[in-house]
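Novice: Here it is, the structure, as structure tokens.
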Amino acid sequence: MVVARLVGRLGPQHLLGLARRTAGNREFLITPSERLTGRQLFARVDALAAGLQLLGAGKGERVAALLPPCTEAAYALFLPWVLGTAEVWLDPDLPEEALCHALAESDTRFVLTTRDCQGRDLAATVARLRPHLPGLRFVLAKSSGRQENAAYSIESLIASGTSLWRARVSPKEEGRIAYVSAAGGLPKGIVHTRGAYWRLFCREVAGQLDPALFRCLLLPFPLHSYAGWLGLMAALVAGGKVVLMDGFDASHALGLVQREQVTLIAGTPPMLGALVDTARQGRYDLASLQLAASFGPCPPELVRAVRRHLRCPVTSLYAREECGLISWTDPHGPAERAAAAGRLAPGVEVRIVDGQRRPLPGGRHGEVAVRSPQMMAGYHNAPEATAAALDREGWFYTGDTGQIDDSGALALLP
């Protein structure tokens, strides 16, 4: 916890400033198209921030990221701490109607995007929506040498050579609005203050940080979820590196594990299942792997298969975008326990409630309610939806079913 207190006291701007000065020529970010040192990455973040300021992106402006796992997505994660802007994260898989809703509802002024997201031109998609988005001022795209459908290319803005004025930020300011896919309707914007977002890292990662574990982290999914921010920051503080994949492919992922000496791989249970099936062929050296992190409960047979074929332990993480990490399982515990949700993250409270939201005694099953220092401020422009999910005492009602056993561990139920 000493590291967590130190990181929390430094704050994001001082920590990133320290990272700029100490990153040196050590590789920090590896993407399908390039390899960057920490010094190169932060120089580009500063240059892009200066270019955005030239276009009028000031403190409090909303800058959206509609990006696959790529260098530009990493820029977008760090920009708010330099510019004082609020980041609007958009799932690249959102349908056009949902994307239009998110951009309009968030009153986004700037969009960072790309022309190549697994064969889709996201810049062209935003261009088609512009007649419905009168507040949108600039679409900035990774150019690939072309500039149609965007007022500026991200590369040209980085190369503009403009001086940067660093904004001062407050933990109480709106820092992030995340729009993720929603079943049966339009996505809701999940709002976090800068302070809540920073506490997410300080409490959930910095306090448990093992530099050897985060020496090389493979993220085979987009960075629009909070997990992307946690992964990048953990590797930064640990002196490690992050490897991104533009689309998941099990053979390619295991090839990256072998080539980059990956120590931690994160993914969903189906991703881990695909990795196991591919690893059975015995074509890859996976000796560097120390941990597989599953975003979702792992069936016991999958845990045993990962331990046998990937030759590393597994932890199952239970998280919600609204409140961050809720719990995780012991990587070295019985395989049967990995299908549960495990011990609670630091500072997180959980209770099980009935249909009238009354607390139930231990061992009874009901709806999982969570209270956490990383809790969202609410759903953007949706007071009724916020009131339905988040009560006045700060309890968030997940809609998931679970129970708490005699040891205090949380188990999720079908």
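Each chain in the structure tokens gets a letter, A, B, ..., in the order shown, and its residues are numbered from 1; ligands are numbered from 1 in order too.
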Which residues, written as a ChimeraX atom specification, have at least one atom at most 10 Å from Leu122 of chain A, with only C-alpha atoms counted and residues fewer than 2 positions away on the same chain left out?

Specialist: /A:66-68,92,112-120,124-128,141,149

Novice: Could you turn the residues from that selection into a file that holds N, CA and C atoms, as a PDB file, in the first residue's frame?

Specialist:
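Saved the output as part-v9.pdb:
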ATOM      1  N   LEU A  66     -12.619   7.074 -30.943  1.00  0.00           N
ATOM      2  CA  LEU A  66     -13.291   5.963 -31.634  1.00  0.00           C
ATOM      3  C   LEU A  66     -12.190   5.184 -32.335  1.00  0.00           C
ATOM      4  N   LEU A  67     -11.550   4.296 -31.586  1.00  0.00           N
ATOM      5  CA  LEU A  67     -10.297   3.707 -32.037  1.00  0.00           C
ATOM      6  C   LEU A  67     -10.174   2.242 -31.628  1.00  0.00           C
ATOM      7  N   PRO A  68      -9.532   1.430 -32.474  1.00  0.00           N
ATOM      8  CA  PRO A  68      -9.144   0.074 -32.082  1.00  0.00           C
ATOM      9  C   PRO A  68      -7.886   0.158 -31.217  1.00  0.00           C
ATOM     10  N   PRO A  92     -15.665   0.863 -30.654  1.00  0.00           N
ATOM     11  CA  PRO A  92     -15.626   0.833 -32.126  1.00  0.00           C
ATOM     12  C   PRO A  92     -16.690  -0.056 -32.750  1.00  0.00           C
ATOM     13  N   LEU A 112     -11.155  11.644 -32.323  1.00  0.00           N
ATOM     14  CA  LEU A 112      -9.947  10.975 -32.808  1.00  0.00           C
ATOM     15  C   LEU A 112     -10.358   9.595 -33.302  1.00  0.00           C
ATOM     16  N   THR A 113     -10.021   9.282 -34.549  1.00  0.00           N
ATOM     17  CA  THR A 113     -10.455   8.004 -35.101  1.00  0.00           C
ATOM     18  C   THR A 113      -9.452   7.508 -36.138  1.00  0.00           C
ATOM     19  N   THR A 114      -9.862   6.546 -36.948  1.00  0.00           N
ATOM     20  CA  THR A 114      -8.956   5.934 -37.917  1.00  0.00           C
ATOM     21  C   THR A 114      -9.728   5.518 -39.160  1.00  0.00           C
ATOM     22  N   ARG A 115      -9.003   5.296 -40.245  1.00  0.00           N
ATOM     23  CA  ARG A 115      -9.620   4.806 -41.481  1.00  0.00           C
ATOM     24  C   ARG A 115      -9.498   3.292 -41.633  1.00  0.00           C
ATOM     25  N   ASP A 116      -8.868   2.657 -40.666  1.00  0.00           N
ATOM     26  CA  ASP A 116      -8.665   1.215 -40.805  1.00  0.00           C
ATOM     27  C   ASP A 116      -8.853   0.542 -39.458  1.00  0.00           C
ATOM     28  N   CYS A 117     -10.064   0.062 -39.216  1.00  0.00           N
ATOM     29  CA  CYS A 117     -10.366  -0.705 -38.008  1.00  0.00           C
ATOM     30  C   CYS A 117     -10.906  -2.055 -38.460  1.00  0.00           C
ATOM     31  N   GLN A 118      -9.998  -3.008 -38.652  1.00  0.00           N
ATOM     32  CA  GLN A 118     -10.363  -4.336 -39.157  1.00  0.00           C
ATOM     33  C   GLN A 118     -11.197  -4.219 -40.430  1.00  0.00           C
ATOM     34  N   GLY A 119     -10.717  -3.380 -41.358  1.00  0.00           N
ATOM     35  CA  GLY A 119     -11.365  -3.224 -42.648  1.00  0.00           C
ATOM     36  C   GLY A 119     -12.449  -2.173 -42.697  1.00  0.00           C
ATOM     37  N   ARG A 120     -12.773  -1.534 -41.582  1.00  0.00           N
ATOM     38  CA  ARG A 120     -13.815  -0.505 -41.555  1.00  0.00           C
ATOM     39  C   ARG A 120     -13.190   0.882 -41.492  1.00  0.00           C
ATOM     40  N   ALA A 124     -14.864   7.666 -42.146  1.00  0.00           N
ATOM     41  CA  ALA A 124     -15.965   7.818 -43.104  1.00  0.00           C
ATOM     42  C   ALA A 124     -17.316   7.660 -42.409  1.00  0.00           C
ATOM     43  N   THR A 125     -17.378   6.767 -41.423  1.00  0.00           N
ATOM     44  CA  THR A 125     -18.620   6.600 -40.661  1.00  0.00           C
ATOM     45  C   THR A 125     -18.996   7.891 -39.947  1.00  0.00           C
ATOM     46  N   VAL A 126     -18.020   8.509 -39.275  1.00  0.00           N
ATOM     47  CA  VAL A 126     -18.295   9.769 -38.578  1.00  0.00           C
ATOM     48  C   VAL A 126     -18.679  10.856 -39.574  1.00  0.00           C
ATOM     49  N   ALA A 127     -18.022  10.862 -40.746  1.00  0.00           N
ATOM     50  CA  ALA A 127     -18.353  11.862 -41.774  1.00  0.00           C
ATOM     51  C   ALA A 127     -19.811  11.738 -42.211  1.00  0.00           C
ATOM     52  N   ARG A 128     -20.309  10.516 -42.329  1.00  0.00           N
ATOM     53  CA  ARG A 128     -21.716  10.320 -42.703  1.00  0.00           C
ATOM     54  C   ARG A 128     -22.667  10.857 -41.637  1.00  0.00           C
ATOM     55  N   ALA A 141      -8.138  12.012 -37.960  1.00  0.00           N
ATOM     56  CA  ALA A 141      -7.971  10.592 -38.257  1.00  0.00           C
ATOM     57  C   ALA A 141      -6.521  10.239 -38.506  1.00  0.00           C
ATOM     58  N   ASN A 149     -12.501  13.042 -45.566  1.00  0.00           N
ATOM     59  CA  ASN A 149     -13.384  12.794 -44.430  1.00  0.00           C
ATOM     60  C   ASN A 149     -12.826  13.286 -43.098  1.00  0.00           C
TER      61      ASN A 149
END

Novice: Among segment 43-164 of chain A, which residues does DSSP mark as alpha helix (DSSP H) when it is run on the backbone? Keep the chain and numbering as in the structure and answer as a count of residues only.

Specialist: 48

Novice: I need the residue nearest Arg166 of chain A from this list: A:Ser181, A:Thr85, A:Gln40, A:Ser288. Use only C-alpha atoms for the distance.

Specialist: A:Thr85

Novice: Which neighbours of segment 44-51 of chain A fall inside 10 Å, counting only C-alpha atoms, when residues of the same chain fewer than 6 positions from it are skipped, and could you give them as a ChimeraX atom specification?

Specialist: /A:38,57-58,71-72,74-85,154-166

Novice: Pick out each residue of segment 283-409 of chain A that DSSP on the backbone tags as strand (DSSP E); I need them as a ChimeraX atom specification.

Specialist: /A:291-295,314-320,324-328,343-344,349-353,366-371,378-379,396-404

Novice: For atom CA of Glu321 of chain A and atom CA of Ile190 of chain A, determine how far apart the two atoms are, in Å to one decimal place.

Specialist: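 Between atom CA of Glu321 of chain A and atom CA of Ile190 of chain A the gap works out to 7.4 Å.
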
Novice: Hey, what's within 9 Å of Gln290 of chain A if we count only C-alpha atoms and toss same-chain stuff fewer than 2 positions away? As a JSON list (two decimals) with N, CA and C atoms, in the first residue's frame, please?

Specialist:
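The resulting file, part-v8.json, is shown below:
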[["chain", "number", "residue", "atom", "x", "y", "z"],
["A", 212, "ALA", "N", 7.67, -7.51, -11.74],
["A", 212, "ALA", "CA", 7.98, -8.69, -12.56],
["A", 212, "ALA", "C", 6.76, -9.14, -13.36],
["A", 213, "LEU", "N", 5.58, -9.05, -12.75],
["A", 213, "LEU", "CA", 4.36, -9.47, -13.43],
["A", 213, "LEU", "C", 4.01, -8.54, -14.58],
["A", 262, "VAL", "N", 5.96, -12.12, -23.12],
["A", 262, "VAL", "CA", 4.83, -11.59, -22.37],
["A", 262, "VAL", "C", 4.73, -12.30, -21.02],
["A", 263, "THR", "N", 4.50, -11.50, -19.96],
["A", 263, "THR", "CA", 4.37, -12.06, -18.61],
["A", 263, "THR", "C", 2.92, -12.13, -18.14],
["A", 264, "LEU", "N", 2.05, -11.24, -18.67],
["A", 264, "LEU", "CA", 0.64, -11.23, -18.27],
["A", 264, "LEU", "C", -0.22, -11.05, -19.51],
["A", 265, "ILE", "N", -1.20, -11.90, -19.67],
["A", 265, "ILE", "CA", -2.13, -11.78, -20.79],
["A", 265, "ILE", "C", -3.54, -11.65, -20.22],
["A", 287, "ALA", "N", 7.01, -19.97, -21.79],
["A", 287, "ALA", "CA", 7.63, -20.03, -20.46],
["A", 287, "ALA", "C", 7.61, -18.68, -19.74],
["A", 288, "SER", "N", 7.49, -17.58, -20.48],
["A", 288, "SER", "CA", 7.52, -16.26, -19.84],
["A", 288, "SER", "C", 6.22, -15.93, -19.11],
["A", 292, "ALA", "N", -2.63, -15.31, -16.33],
["A", 292, "ALA", "CA", -3.70, -15.00, -17.28],
["A", 292, "ALA", "C", -4.84, -14.37, -16.49],
["A", 311, "ARG", "N", 0.52, -22.95, -18.95],
["A", 311, "ARG", "CA", 1.50, -23.12, -17.87],
["A", 311, "ARG", "C", 1.59, -21.89, -16.97],
["A", 312, "CYS", "N", 0.42, -21.33, -16.65],
["A", 312, "CYS", "CA", 0.39, -20.19, -15.73],
["A", 312, "CYS", "C", -0.93, -20.21, -14.97],
["A", 313, "PRO", "N", -0.98, -19.57, -13.80],
["A", 313, "PRO", "CA", -2.24, -19.49, -13.05],
["A", 313, "PRO", "C", -3.21, -18.51, -13.70]]

Novice: Would you kindly return, as a PyMOL selection string, each protein, DNA or RNA residue with an atom no farther than 8 Å from any atom of Gln403 of chain A, considering only C-alpha atoms and excluding same-chain residues fewer than 2 positions away?

Specialist: chain A and resi 352+362-366+368+401+405+410-413

Novice: Would you save the residues of that selection, restricted to C-alpha atoms, as a PDB file, in the first residue's frame?

Specialist:
ATOM      1  CA  ILE A 352     -26.753  -8.941  -1.532  1.00  0.00           C
ATOM      2  CA  GLY A 362     -24.856 -14.263   4.249  1.00  0.00           C
ATOM      3  CA  GLY A 363     -25.431 -17.357   2.153  1.00  0.00           C
ATOM      4  CA  ARG A 364     -28.651 -16.068   0.600  1.00  0.00           C
ATOM      5  CA  HIS A 365     -28.651 -15.253  -3.099  1.00  0.00           C
ATOM      6  CA  GLY A 366     -29.995 -12.029  -4.599  1.00  0.00           C
ATOM      7  CA  VAL A 368     -25.307  -7.806  -6.145  1.00  0.00           C
ATOM      8  CA  THR A 401     -27.174 -12.415  -9.089  1.00  0.00           C
ATOM      9  CA  ASP A 405     -20.133 -17.108   1.562  1.00  0.00           C
ATOM     10  CA  LEU A 410     -18.463 -13.140  -3.500  1.00  0.00           C
ATOM     11  CA  ALA A 411     -19.861 -15.798  -5.818  1.00  0.00           C
ATOM     12  CA  LEU A 412     -21.801 -14.960  -8.974  1.00  0.00           C
ATOM     13  CA  LEU A 413     -24.709 -17.203  -9.890  1.00  0.00           C
TER      14      LEU A 413
END

Novice: For segment 294-296 of chain A, find every residue with an atom within 10 Å (counting only C-alpha atoms), except residues of its own chain fewer than 3 positions away, and show them as a list in words.

Specialist: Ala227, Ile265, Ala266, Gly267, Thr268, Pro269, Pro270, Met271, Leu272, Leu291, Pro299, Val303, Val314, Thr315, Ser316, Leu317, Tyr318, Ala319, Leu325, Trp328, Thr329, Ala338, Ala339, Ala340 and Ala341 of chain A

Novice: Do you know which residues are at most 6 Å from Ala409 of chain A counting only C-alpha atoms, after dropping those on the same chain fewer than 5 positions away, and could you put them as a PyMOL selection string?

Specialist: chain A and resi 342-343+404

Novice: Write the residues you've just listed into a file as a PDB file, in the first residue's frame, and include C-alpha atoms for each of them.

Specialist:
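Resulting contents of part_30.pdb:
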ATOM      1  CA  GLY A 342     -13.539 -13.989  -5.201  1.00  0.00           C
ATOM      2  CA  ARG A 343     -12.252 -11.484  -2.676  1.00  0.00           C
ATOM      3  CA  ILE A 404     -21.537 -14.013  -0.137  1.00  0.00           C
TER       4      ILE A 404
END

Novice: Return the single residue from A:His252, A:Arg62, A:Arg26, A:Arg392 that is closest to Ala235 of chain A, with distances computed using only C-alpha atoms.

Specialist: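 Among the listed residues, A:Arg26 lies closest to Ala235 of chain A.
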
Novice: Can you work out the spacing between atom CA of Gly333 of chain A and atom CA of Cys298 of chain A in Å, to one decimal?

Specialist: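 Atom-to-atom, atom CA of Gly333 of chain A and atom CA of Cys298 of chain A are spaced 12.7 Å apart.
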
Novice: Could you jot down the atom CA of Met245 of chain A to atom CA of Ser225 of chain A separation for me, Å, one decimal place?

Specialist: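 Here the two named atoms are 14.9 Å from each other.
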